[in-house]
Amino acid sequence: IFALTIIDGRMSYLAVVLFCVVAVIKIGFSSSSVGVRRLSPPQFFIFIMPLFVFFSWCYGVIVGLLNGVEVSYVFSNFAGLSLYVLFYIFYFSVRPETSKKALFFSAICSCIFGLYAVYSSYASVGGGGDADQVGIAGFRTLYSATFLYVVPFLLVCLVCLFLQRKSGSAFKSDLKASFWFLIFGFTLVVPAMSKGFILVFILLFMLVFVAGYSSVLRTMVIGKNLFFMTFLVLLAGAALLLFTDIYNVIAFSFSSGESSNSTRSEQFGYLVSEWSFSGAGLGSSLQSGYQRDETGYGFELTYINLVNKLGVLTIPLFLSYVSVLFYGIKFFFFEGRLFTGAWILGLMAFLIPGAGNPLLLAPVFVFMHFIAIMLIITELSPQYE
């Protein structure tokens, strides 16, 4: 699923079908399984949420059909919600470590894809115009949502480098962690030059800084890596501000004058004005007639659009997101389970660019959500306490 999405996003649905076939066969021939009865209440809450997300999709389908929406539009709008029922096949057929290895392989493929794209078109990078007039996107070489595969590994690298934690990580040395940090960081930021991806990159640093300096305040001791890396970050930031036009570029990119931002602002008003408790149903268009494409139901503001389509039934999906983030933050900041927390938070990084792009419910990100849920359930098991 992860690898085929790099080639063509539409192929991911074929990969999902193949996954289901293989997983069902594996479960059928497996001599052992994990019983739901063994789950504690917190585990069961996390475990059951995907089922309610699937129910919300069923609700949206019914409302859309009752409102006379074209059938093809009903089933294509937010189709990723329907995949949440597959979590239970995933849960009983795939081990978390296997998922990590699959994602790492796909992240490497994504890095190669991004590096080649930049190399093959370096002469035209920024060709869209002056950066302070077209924004960050003026430097874009290639946009691919699959560049987000690298985020969990990037955050693990930062934990190794800044917080000097190596146990439980594949990055056993600073040199190895530094190398992969550069590769993963370049892949996330440079090819796409996406505001959402850059916000993710900045947020990763903020997470590590907060964790590191919280420890400093408690112990009044700063590690040499944290001190040195902080110095390098401040030095690089100062150099960018003093010797480049990066401030104006970023300021324009997030201003209302930037074309994509003005479009999203316009969408926001139209979508919110037609919110209702019950929602309009999947595949429905706005009564005002405002639309972004010929289907009439697709908009960049995914969260706002979800509320428009499902109304109060968006709560299961949003609650599932919030609960996963809650445990990720809890593990990372309060319980010292840095790598588990880093993995969970890294896997959920798609929530940031997903706010302004229709990638939130792509199959790859639904399955990254699955992996995060699996990690939480595993971490909450008694033997991990």
# chains A, B, ... in the order shown; residues from 1 in each chain; ligands from 1

call {"tool": "residues_around", "arguments": {"residues": "region 356-358 of chain A", "least_positions_apart": "6", "cutoff": "12 Å", "atoms": "only C-alpha atoms", "output": "JSON, numbers by chain"}}
result
{"A": [77, 78, 79, 80, 143, 144, 145, 194, 195, 196, 197, 260, 261, 262, 263, 264, 265, 267, 268, 292, 297, 298, 299, 300, 301, 302, 303, 304, 305, 306, 350, 365]}

call {"tool": "atom_distance", "arguments": {"atom1": "CA of Thr5 (chain A)", "atom2": "CA of Thr146 (chain A)"}}
result
7.2 Å

call {"tool": "atom_distance", "arguments": {"atom1": "CA of Leu182 (chain A)", "atom2": "CA of Tyr116 (chain A)"}}
result
15.4 Å

call {"tool": "atom_distance", "arguments": {"atom1": "CA of Ser93 (chain A)", "atom2": "CA of Ile371 (chain A)"}}
result
12.2 Å

call {"tool": "closest_residue", "arguments": {"among": "A:Tyr290, A:Tyr13, A:Phe277, A:Phe370", "to": "Ile315 (chain A)", "atoms": "only C-alpha atoms"}}
result
A:Phe277
